[in-house]
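**Student:** Would you mind keeping the following structure in view while I ask a few things?
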Amino acid sequence: MDDLNFKELRERNGLSIEEAANFFRVCTKTVRRWESGETTPRATDLFVLQALIDQKIETNKINKPEFTFIDLFAGIGGIRKGFESAGGKCIFTSEWNEYAQKTYKANFPDDHDIVGDITQIEASDIPSHDVLLAGFPCQPFSLAGVSKKISLGREHGFMDKAQGTLFFDVLRILKHHRPAAFLLENVKNLKSHNKGDTFATIIGALENELGYKISYRVIDGKGYVPQHRERIFIVGFKEDTSFDFDKLDFAPPDKGPVLSSILHHESEYPEEQYTLSPAHSGANANSHVNAKYTLSEKLWSYLKAYRAKHKAKGNGFGYSLNTPNEKARTLSARYHKDGSEILIAQEGNRPRRLTPRECARLMGYDKCNQEPMKIPVSDTRAYQQFGNSVVVPVIEDIARYMKPHIVSLLATSKNLKQKAAE
């Protein structure tokens, strides 16, 4: 064991002299004598230090992420959750809303800080990453700047047209870092917004100016959760990997779970702010939904009158009353106002809203055999956050489909760098 140096092994393990002395149950003078050569450490001690290094190397191999990603317009982390399930590691997060940040931090606690307004962040201050994820807000693209350039006879492009929008921040980060891939998420109507001009600008910038190979698809989360929720997903790869949304299978909307799969059940352990135990209610069931979620007589009368008024005009506006065997409309960020788009029928009583816990389940955050999502904000904030979020199982499937293409691109890039260095 002469070729093994105690000091080098100690330092590679990140141990101080004091820590090494405590570990081997000797005094610090003994460790210093070993390192100075005055005395010789036991061979077993050297083997232990080497074994610790080998174990760390193996552990790092196991824990090493298969790709890294950044989470922009992160909300409460739904897209991140999906890509972590595919073996990715989030290394940067941006979300401007302080209440969404609170929920995000509660569920991803031992992690990096969350950056606020992405428009104030230089692309160079964002770490290099393999995948960019962004559920960016849709904004109208101003034509003023483009019109001025045309009048002056100057060239303009898609990136110029996107300036002043949050999508432009996605573009400038993509342009600076050139990640292997990205996923963008938005409402279904993005395709028809501004007579299709907004979508044409987005695709034009990604394809023609940044050179990414693009595929997009509208996916309904109804096959995964008991809710009709259509969203458009745009995937881009730096090189052509033959990724094609149209060739991929997603859960069919005509199948999937119904509301009973996400509603509180009497056999649940009571969750104080959402459900009550018999001790608080006098009920025979193990737990039941807090009465605060039942609509007041005044609100229920208003919703019935509103629906009747529009029905008389031939309109379909109004509340949606659901039984446990049905699927729901789309949960919106305005759900906290009256809950009208998803009301749960209650026998012998007025209908009720979903609880925030049920909303978490409706969006696919809470799963069997997993710790429930932490909801550290008020009901109003929680409804807004879930209404703005993504269906997590949809993201998990997209990430699973994207993963081999991402890994393949990264391996090709690594091989090219190695050959260039030789």
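In the structure tokens, each chain is lettered A, B, ... as it comes, each chain's residues begin at 1, and ligands are numbered from 1 in order of appearance.
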Report as a ChimeraX atom specification all protein, DNA and RNA residues lying within 7 Å of region 230-243 of chain A, evaluated on only C-alpha atoms, omitting residues in the same chain fewer than 4 positions from it.

**Tutor:** /A:180-188,211-221,405

**Student:** Take the residues from that selection and write them out as a PDB file, in the first residue's frame, keeping N, CA and C atoms.

**Tutor:**
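And here's result.pdb as it stands now:
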```pdb
ATOM      1  N   ALA A 180     -29.684  21.791 -26.370  1.00  0.00           N
ATOM      2  CA  ALA A 180     -29.994  20.706 -27.297  1.00  0.00           C
ATOM      3  C   ALA A 180     -31.474  20.673 -27.650  1.00  0.00           C
ATOM      4  N   ALA A 181     -32.325  21.060 -26.696  1.00  0.00           N
ATOM      5  CA  ALA A 181     -33.766  20.958 -26.938  1.00  0.00           C
ATOM      6  C   ALA A 181     -34.531  21.952 -26.080  1.00  0.00           C
ATOM      7  N   PHE A 182     -35.810  22.118 -26.406  1.00  0.00           N
ATOM      8  CA  PHE A 182     -36.684  22.937 -25.566  1.00  0.00           C
ATOM      9  C   PHE A 182     -38.103  22.415 -25.657  1.00  0.00           C
ATOM     10  N   LEU A 183     -38.893  22.786 -24.662  1.00  0.00           N
ATOM     11  CA  LEU A 183     -40.339  22.534 -24.672  1.00  0.00           C
ATOM     12  C   LEU A 183     -41.033  23.822 -24.269  1.00  0.00           C
ATOM     13  N   LEU A 184     -41.965  24.278 -25.088  1.00  0.00           N
ATOM     14  CA  LEU A 184     -42.775  25.453 -24.787  1.00  0.00           C
ATOM     15  C   LEU A 184     -44.228  25.007 -24.664  1.00  0.00           C
ATOM     16  N   GLU A 185     -44.937  25.597 -23.707  1.00  0.00           N
ATOM     17  CA  GLU A 185     -46.348  25.251 -23.469  1.00  0.00           C
ATOM     18  C   GLU A 185     -47.196  26.505 -23.457  1.00  0.00           C
ATOM     19  N   ASN A 186     -48.405  26.394 -24.022  1.00  0.00           N
ATOM     20  CA  ASN A 186     -49.295  27.545 -24.042  1.00  0.00           C
ATOM     21  C   ASN A 186     -50.727  27.061 -24.255  1.00  0.00           C
ATOM     22  N   VAL A 187     -51.664  28.013 -24.238  1.00  0.00           N
ATOM     23  CA  VAL A 187     -53.064  27.667 -24.450  1.00  0.00           C
ATOM     24  C   VAL A 187     -53.279  27.243 -25.902  1.00  0.00           C
ATOM     25  N   LYS A 188     -54.300  26.447 -26.109  1.00  0.00           N
ATOM     26  CA  LYS A 188     -54.602  25.935 -27.448  1.00  0.00           C
ATOM     27  C   LYS A 188     -54.799  27.066 -28.455  1.00  0.00           C
ATOM     28  N   GLY A 211     -32.878  28.147 -36.084  1.00  0.00           N
ATOM     29  CA  GLY A 211     -32.490  26.899 -36.734  1.00  0.00           C
ATOM     30  C   GLY A 211     -32.912  25.622 -36.035  1.00  0.00           C
ATOM     31  N   TYR A 212     -33.871  25.690 -35.138  1.00  0.00           N
ATOM     32  CA  TYR A 212     -34.322  24.482 -34.448  1.00  0.00           C
ATOM     33  C   TYR A 212     -35.316  23.702 -35.306  1.00  0.00           C
ATOM     34  N   LYS A 213     -35.309  22.385 -35.133  1.00  0.00           N
ATOM     35  CA  LYS A 213     -36.264  21.508 -35.817  1.00  0.00           C
ATOM     36  C   LYS A 213     -37.507  21.396 -34.934  1.00  0.00           C
ATOM     37  N   ILE A 214     -38.645  21.822 -35.434  1.00  0.00           N
ATOM     38  CA  ILE A 214     -39.829  22.031 -34.609  1.00  0.00           C
ATOM     39  C   ILE A 214     -40.908  20.975 -34.863  1.00  0.00           C
ATOM     40  N   SER A 215     -41.584  20.601 -33.787  1.00  0.00           N
ATOM     41  CA  SER A 215     -42.785  19.770 -33.867  1.00  0.00           C
ATOM     42  C   SER A 215     -43.738  20.268 -32.789  1.00  0.00           C
ATOM     43  N   TYR A 216     -45.019  20.352 -33.115  1.00  0.00           N
ATOM     44  CA  TYR A 216     -45.978  20.835 -32.106  1.00  0.00           C
ATOM     45  C   TYR A 216     -47.275  20.026 -32.178  1.00  0.00           C
ATOM     46  N   ARG A 217     -47.998  20.084 -31.064  1.00  0.00           N
ATOM     47  CA  ARG A 217     -49.240  19.310 -30.999  1.00  0.00           C
ATOM     48  C   ARG A 217     -50.122  19.838 -29.872  1.00  0.00           C
ATOM     49  N   VAL A 218     -51.420  19.830 -30.107  1.00  0.00           N
ATOM     50  CA  VAL A 218     -52.392  20.137 -29.069  1.00  0.00           C
ATOM     51  C   VAL A 218     -52.764  18.815 -28.384  1.00  0.00           C
ATOM     52  N   ILE A 219     -52.612  18.772 -27.070  1.00  0.00           N
ATOM     53  CA  ILE A 219     -52.897  17.553 -26.310  1.00  0.00           C
ATOM     54  C   ILE A 219     -53.959  17.859 -25.253  1.00  0.00           C
ATOM     55  N   ASP A 220     -54.933  16.991 -25.166  1.00  0.00           N
ATOM     56  CA  ASP A 220     -55.988  17.129 -24.162  1.00  0.00           C
ATOM     57  C   ASP A 220     -55.624  16.263 -22.951  1.00  0.00           C
ATOM     58  N   GLY A 221     -55.554  16.889 -21.781  1.00  0.00           N
ATOM     59  CA  GLY A 221     -55.211  16.155 -20.570  1.00  0.00           C
ATOM     60  C   GLY A 221     -56.313  15.241 -20.086  1.00  0.00           C
ATOM     61  N   HIS A 405     -34.095  11.354 -27.479  1.00  0.00           N
ATOM     62  CA  HIS A 405     -33.601  12.310 -28.473  1.00  0.00           C
ATOM     63  C   HIS A 405     -32.611  13.286 -27.833  1.00  0.00           C
TER      64      HIS A 405
END
```

**Student:** With distances taken over only C-alpha atoms, which of A:Trp300, A:Glu326, A:Ala308, A:Ala200 is nearest to Gly256 (chain A)?

**Tutor:** A:Glu326

**Student:** Considering only C-alpha atoms, return as an NGL selection string whatever protein or nucleic-acid residues lie within 12 Å of Glu271 (chain A), sequence-local ones (same chain, fewer than 6 positions apart) excluded.

**Tutor:** :A and (264-265 or 277 or 286-290 or 355-358 or 372 or 374-375)

**Student:** Suppose we keep N, CA and C atoms; can you now write the selection as a JSON list (two decimals), in the first residue's frame?

**Tutor:**
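out-v4.json was written with the following content:
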```json
[["chain", "number", "residue", "atom", "x", "y", "z"],
["A", 264, "HIS", "N", -62.41, 13.96, -2.43],
["A", 264, "HIS", "CA", -62.16, 13.48, -1.07],
["A", 264, "HIS", "C", -63.07, 12.29, -0.77],
["A", 265, "HIS", "N", -62.50, 11.31, -0.10],
["A", 265, "HIS", "CA", -63.26, 10.14, 0.29],
["A", 265, "HIS", "C", -63.34, 10.09, 1.81],
["A", 277, "SER", "N", -62.75, 15.91, 10.64],
["A", 277, "SER", "CA", -63.00, 14.62, 11.26],
["A", 277, "SER", "C", -64.36, 14.64, 11.94],
["A", 286, "ASN", "N", -65.49, 8.99, 8.42],
["A", 286, "ASN", "CA", -64.16, 9.26, 8.97],
["A", 286, "ASN", "C", -63.77, 10.72, 8.75],
["A", 287, "SER", "N", -64.12, 11.26, 7.60],
["A", 287, "SER", "CA", -63.84, 12.66, 7.32],
["A", 287, "SER", "C", -64.82, 13.15, 6.26],
["A", 288, "HIS", "N", -65.05, 14.44, 6.22],
["A", 288, "HIS", "CA", -65.90, 14.99, 5.18],
["A", 288, "HIS", "C", -65.41, 16.38, 4.83],
["A", 289, "VAL", "N", -65.80, 16.86, 3.64],
["A", 289, "VAL", "CA", -65.32, 18.15, 3.14],
["A", 289, "VAL", "C", -65.85, 19.28, 4.01],
["A", 290, "ASN", "N", -64.96, 20.20, 4.31],
["A", 290, "ASN", "CA", -65.30, 21.37, 5.11],
["A", 290, "ASN", "C", -66.49, 22.11, 4.48],
["A", 355, "THR", "N", -61.92, 21.39, -3.41],
["A", 355, "THR", "CA", -60.93, 21.94, -2.47],
["A", 355, "THR", "C", -59.61, 22.08, -3.21],
["A", 356, "PRO", "N", -58.69, 22.89, -2.72],
["A", 356, "PRO", "CA", -57.37, 22.97, -3.35],
["A", 356, "PRO", "C", -56.67, 21.61, -3.45],
["A", 357, "ARG", "N", -56.89, 20.73, -2.46],
["A", 357, "ARG", "CA", -56.30, 19.40, -2.54],
["A", 357, "ARG", "C", -56.84, 18.63, -3.72],
["A", 358, "GLU", "N", -58.14, 18.74, -3.96],
["A", 358, "GLU", "CA", -58.74, 18.08, -5.12],
["A", 358, "GLU", "C", -58.24, 18.70, -6.42],
["A", 372, "PRO", "N", -48.22, 13.89, -0.60],
["A", 372, "PRO", "CA", -49.05, 14.91, -1.24],
["A", 372, "PRO", "C", -48.30, 16.23, -1.42],
["A", 374, "LYS", "N", -47.39, 19.98, -1.22],
["A", 374, "LYS", "CA", -47.57, 20.99, -0.18],
["A", 374, "LYS", "C", -48.25, 22.21, -0.77],
["A", 375, "ILE", "N", -49.29, 22.70, -0.09],
["A", 375, "ILE", "CA", -50.04, 23.87, -0.56],
["A", 375, "ILE", "C", -49.98, 24.92, 0.55]]
```

**Student:** I'd like the neighbourhood of Met373 (chain A) as a VMD selection string, where a residue qualifies if any of its atoms comes within 8 Å (using only C-alpha atoms), though same-chain residues fewer than 6 positions away should be ignored.

**Tutor:** chain A and resid 107 360 365 to 366

**Student:** Take the residues just selected and output them with N, CA and C atoms as a PDB file, in the first residue's frame.

**Tutor:**
```pdb
ATOM      1  N   ASN A 107     -42.241  22.791  -2.340  1.00  0.00           N
ATOM      2  CA  ASN A 107     -42.195  21.459  -2.945  1.00  0.00           C
ATOM      3  C   ASN A 107     -40.848  21.105  -3.550  1.00  0.00           C
ATOM      4  N   ALA A 360     -55.224  19.893  -6.843  1.00  0.00           N
ATOM      5  CA  ALA A 360     -53.889  19.316  -7.026  1.00  0.00           C
ATOM      6  C   ALA A 360     -54.005  17.949  -7.699  1.00  0.00           C
ATOM      7  N   TYR A 365     -50.876  16.371  -9.762  1.00  0.00           N
ATOM      8  CA  TYR A 365     -49.737  16.555  -8.853  1.00  0.00           C
ATOM      9  C   TYR A 365     -49.669  15.447  -7.802  1.00  0.00           C
ATOM     10  N   ASP A 366     -50.791  15.141  -7.215  1.00  0.00           N
ATOM     11  CA  ASP A 366     -50.820  14.130  -6.158  1.00  0.00           C
ATOM     12  C   ASP A 366     -51.065  12.750  -6.760  1.00  0.00           C
TER      13      ASP A 366
END
```

**Student:** Residues of region 171-380 of chain A classed as strand (DSSP E or B) by DSSP on the backbone are to be reported as a tab-separated table (two decimals) with N, CA and C atoms, in the first residue's frame.

**Tutor:**
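As a result, result.tsv now contains:
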```tsv
chain	number	residue	atom	x	y	z
A	181	ALA	N	-32.32	21.06	-26.70
A	181	ALA	CA	-33.77	20.96	-26.94
A	181	ALA	C	-34.53	21.95	-26.08
A	182	PHE	N	-35.81	22.12	-26.41
A	182	PHE	CA	-36.68	22.94	-25.57
A	182	PHE	C	-38.10	22.41	-25.66
A	183	LEU	N	-38.89	22.79	-24.66
A	183	LEU	CA	-40.34	22.53	-24.67
A	183	LEU	C	-41.03	23.82	-24.27
A	184	LEU	N	-41.97	24.28	-25.09
A	184	LEU	CA	-42.78	25.45	-24.79
A	184	LEU	C	-44.23	25.01	-24.66
A	185	GLU	N	-44.94	25.60	-23.71
A	185	GLU	CA	-46.35	25.25	-23.47
A	185	GLU	C	-47.20	26.51	-23.46
A	186	ASN	N	-48.40	26.39	-24.02
A	186	ASN	CA	-49.29	27.54	-24.04
A	186	ASN	C	-50.73	27.06	-24.26
A	187	VAL	N	-51.66	28.01	-24.24
A	187	VAL	CA	-53.06	27.67	-24.45
A	187	VAL	C	-53.28	27.24	-25.90
A	213	LYS	N	-35.31	22.38	-35.13
A	213	LYS	CA	-36.26	21.51	-35.82
A	213	LYS	C	-37.51	21.40	-34.93
A	214	ILE	N	-38.64	21.82	-35.43
A	214	ILE	CA	-39.83	22.03	-34.61
A	214	ILE	C	-40.91	20.98	-34.86
A	215	SER	N	-41.58	20.60	-33.79
A	215	SER	CA	-42.79	19.77	-33.87
A	215	SER	C	-43.74	20.27	-32.79
A	216	TYR	N	-45.02	20.35	-33.11
A	216	TYR	CA	-45.98	20.83	-32.11
A	216	TYR	C	-47.28	20.03	-32.18
A	217	ARG	N	-48.00	20.08	-31.06
A	217	ARG	CA	-49.24	19.31	-31.00
A	217	ARG	C	-50.12	19.84	-29.87
A	218	VAL	N	-51.42	19.83	-30.11
A	218	VAL	CA	-52.39	20.14	-29.07
A	218	VAL	C	-52.76	18.81	-28.38
A	219	ILE	N	-52.61	18.77	-27.07
A	219	ILE	CA	-52.90	17.55	-26.31
A	219	ILE	C	-53.96	17.86	-25.25
A	220	ASP	N	-54.93	16.99	-25.17
A	220	ASP	CA	-55.99	17.13	-24.16
A	220	ASP	C	-55.62	16.26	-22.95
A	227	GLN	N	-60.57	15.96	-16.46
A	227	GLN	CA	-60.74	17.37	-16.81
A	227	GLN	C	-60.41	17.58	-18.28
A	230	GLU	N	-57.08	21.30	-22.97
A	230	GLU	CA	-56.26	21.27	-24.18
A	230	GLU	C	-55.17	22.35	-24.11
A	231	ARG	N	-53.96	21.94	-24.38
A	231	ARG	CA	-52.84	22.86	-24.41
A	231	ARG	C	-51.95	22.54	-25.60
A	232	ILE	N	-51.28	23.55	-26.14
A	232	ILE	CA	-50.36	23.32	-27.25
A	232	ILE	C	-48.95	23.20	-26.70
A	233	PHE	N	-48.21	22.23	-27.23
A	233	PHE	CA	-46.83	22.01	-26.82
A	233	PHE	C	-45.94	22.10	-28.06
A	234	ILE	N	-44.88	22.88	-27.95
A	234	ILE	CA	-43.95	23.07	-29.05
A	234	ILE	C	-42.60	22.52	-28.60
A	235	VAL	N	-42.09	21.55	-29.34
A	235	VAL	CA	-40.79	20.95	-29.03
A	235	VAL	C	-39.81	21.32	-30.13
A	236	GLY	N	-38.59	21.64	-29.73
A	236	GLY	CA	-37.55	21.95	-30.70
A	236	GLY	C	-36.26	21.23	-30.36
A	237	PHE	N	-35.55	20.75	-31.39
A	237	PHE	CA	-34.24	20.14	-31.22
A	237	PHE	C	-33.23	20.85	-32.11
A	275	THR	N	-60.67	19.04	4.92
A	275	THR	CA	-61.64	18.06	5.41
A	275	THR	C	-61.63	18.04	6.92
A	276	LEU	N	-62.74	17.63	7.48
A	276	LEU	CA	-62.90	17.60	8.93
A	276	LEU	C	-63.15	16.19	9.42
A	288	HIS	N	-65.05	14.44	6.22
A	288	HIS	CA	-65.90	14.99	5.18
A	288	HIS	C	-65.41	16.38	4.83
A	289	VAL	N	-65.80	16.86	3.64
A	289	VAL	CA	-65.32	18.15	3.14
A	289	VAL	C	-65.85	19.28	4.01
A	294	THR	N	-69.02	24.55	0.38
A	294	THR	CA	-70.39	24.53	-0.13
A	294	THR	C	-70.83	25.96	-0.46
A	321	LEU	N	-72.54	21.55	-13.29
A	321	LEU	CA	-72.74	20.72	-12.10
A	321	LEU	C	-72.34	19.29	-12.42
A	322	ASN	N	-71.41	18.75	-11.64
A	322	ASN	CA	-70.85	17.44	-11.93
A	322	ASN	C	-71.14	16.41	-10.84
A	328	ALA	N	-64.77	16.84	-15.83
A	328	ALA	CA	-65.06	18.25	-15.64
A	328	ALA	C	-64.61	19.12	-16.81
A	343	LEU	N	-68.59	22.51	-10.42
A	343	LEU	CA	-69.31	22.38	-9.15
A	343	LEU	C	-69.62	20.91	-8.90
A	344	ILE	N	-69.48	20.47	-7.67
A	344	ILE	CA	-69.73	19.08	-7.30
A	344	ILE	C	-71.09	18.98	-6.63
A	345	ALA	N	-71.95	18.13	-7.19
A	345	ALA	CA	-73.30	17.95	-6.63
A	345	ALA	C	-73.22	17.27	-5.26
A	346	GLN	N	-74.06	17.74	-4.34
A	346	GLN	CA	-74.13	17.15	-3.01
A	346	GLN	C	-75.58	16.79	-2.71
A	349	ASN	N	-78.14	18.97	-0.51
A	349	ASN	CA	-77.46	20.22	-0.16
A	349	ASN	C	-77.09	20.97	-1.43
A	350	ARG	N	-76.70	22.22	-1.27
A	350	ARG	CA	-76.21	22.99	-2.40
A	350	ARG	C	-74.87	22.40	-2.88
A	351	PRO	N	-74.50	22.65	-4.14
A	351	PRO	CA	-73.22	22.11	-4.62
A	351	PRO	C	-72.03	22.80	-3.95
A	352	ARG	N	-70.87	22.24	-4.15
A	352	ARG	CA	-69.66	22.80	-3.56
A	352	ARG	C	-68.56	22.95	-4.60
```

**Student:** How many Å lie between CA of Ala333 (chain A) and CA of Ile121 (chain A), rounded to one decimal?

**Tutor:** 27.0 Å

**Student:** So that I can check the secondary structure, give me every residue of region 199-231 of chain A assigned alpha helix (DSSP H) by backbone DSSP, as a list in words.

**Tutor:** Phe199, Ala200, Thr201, Ile202, Ile203 and Gly204 of chain A

**Student:** Please provide as a ChimeraX atom specification all residues within 9 Å of region 80-93 of chain A, with the sequence filter that same-chain residues fewer than 2 positions apart are discarded (counting only C-alpha atoms).

**Tutor:** /A:64-74,76-78,95,111-116,126-129,131,133,365,392-400,403

**Student:** Which is closer to Glu98 (chain A) than all the others in A:Arg334, A:Glu266, A:Arg172, A:Gln385, using only C-alpha atoms?

**Tutor:**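 Of A:Arg334, A:Glu266, A:Arg172, A:Gln385, the one nearest Glu98 (chain A), counting only C-alpha atoms, is A:Gln385.
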
**Student:** Could you list, as a list of chain:residue names, every residue within 12 Å of region 24-41 of chain A, counting only C-alpha atoms and ignoring same-chain residues fewer than 2 positions away?

**Tutor:**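 These residues fall inside the cut-off: A:Met1, A:Asp2, A:Leu4, A:Asn5, A:Phe6, A:Lys7, A:Glu8, A:Leu9, A:Arg10, A:Glu11, A:Leu15, A:Ser16, A:Ile17, A:Glu18, A:Glu19, A:Ala20, A:Ala21, A:Asn22, A:Ala43, A:Thr44, A:Asp45, A:Leu46, A:Phe47, A:Val48, A:Leu49.
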
**Student:** Mind checking which residues fall within 9 Å of Asn388 (chain A), counting only C-alpha atoms, ignoring those fewer than 3 positions away in the same chain, and posting them as an MDAnalysis selection string?

**Tutor:** chainID A and resid 75 331:333 383:385

**Student:** Generate a file of the selected residues that holds N, CA and C atoms, formatted as a tab-separated table (two decimals), in the first residue's frame.

**Tutor:**
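Dumped everything to out.tsv:
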```
chain	number	residue	atom	x	y	z
A	75	GLY	N	-44.21	28.90	-12.63
A	75	GLY	CA	-45.43	28.65	-11.89
A	75	GLY	C	-45.15	27.90	-10.61
A	331	LEU	N	-60.33	23.64	-15.52
A	331	LEU	CA	-60.12	24.45	-14.32
A	331	LEU	C	-59.39	25.73	-14.72
A	332	SER	N	-59.95	26.89	-14.34
A	332	SER	CA	-59.34	28.16	-14.73
A	332	SER	C	-58.80	28.90	-13.51
A	333	ALA	N	-58.01	29.93	-13.78
A	333	ALA	CA	-57.43	30.72	-12.69
A	333	ALA	C	-58.48	31.54	-11.95
A	383	TYR	N	-56.16	28.21	-5.95
A	383	TYR	CA	-57.00	28.06	-7.13
A	383	TYR	C	-56.38	28.74	-8.34
A	384	GLN	N	-55.83	29.93	-8.14
A	384	GLN	CA	-55.19	30.64	-9.25
A	384	GLN	C	-54.00	29.85	-9.78
A	385	GLN	N	-53.21	29.29	-8.87
A	385	GLN	CA	-52.01	28.57	-9.27
A	385	GLN	C	-52.32	27.28	-10.02
```

**Student:** Which one of A:Asp379, A:Asp130, A:Glu268, A:Glu371 sits closest to Leu354 (chain A) if you count only C-alpha atoms?

**Tutor:**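 Among the listed residues, A:Asp379 lies closest to Leu354 (chain A).
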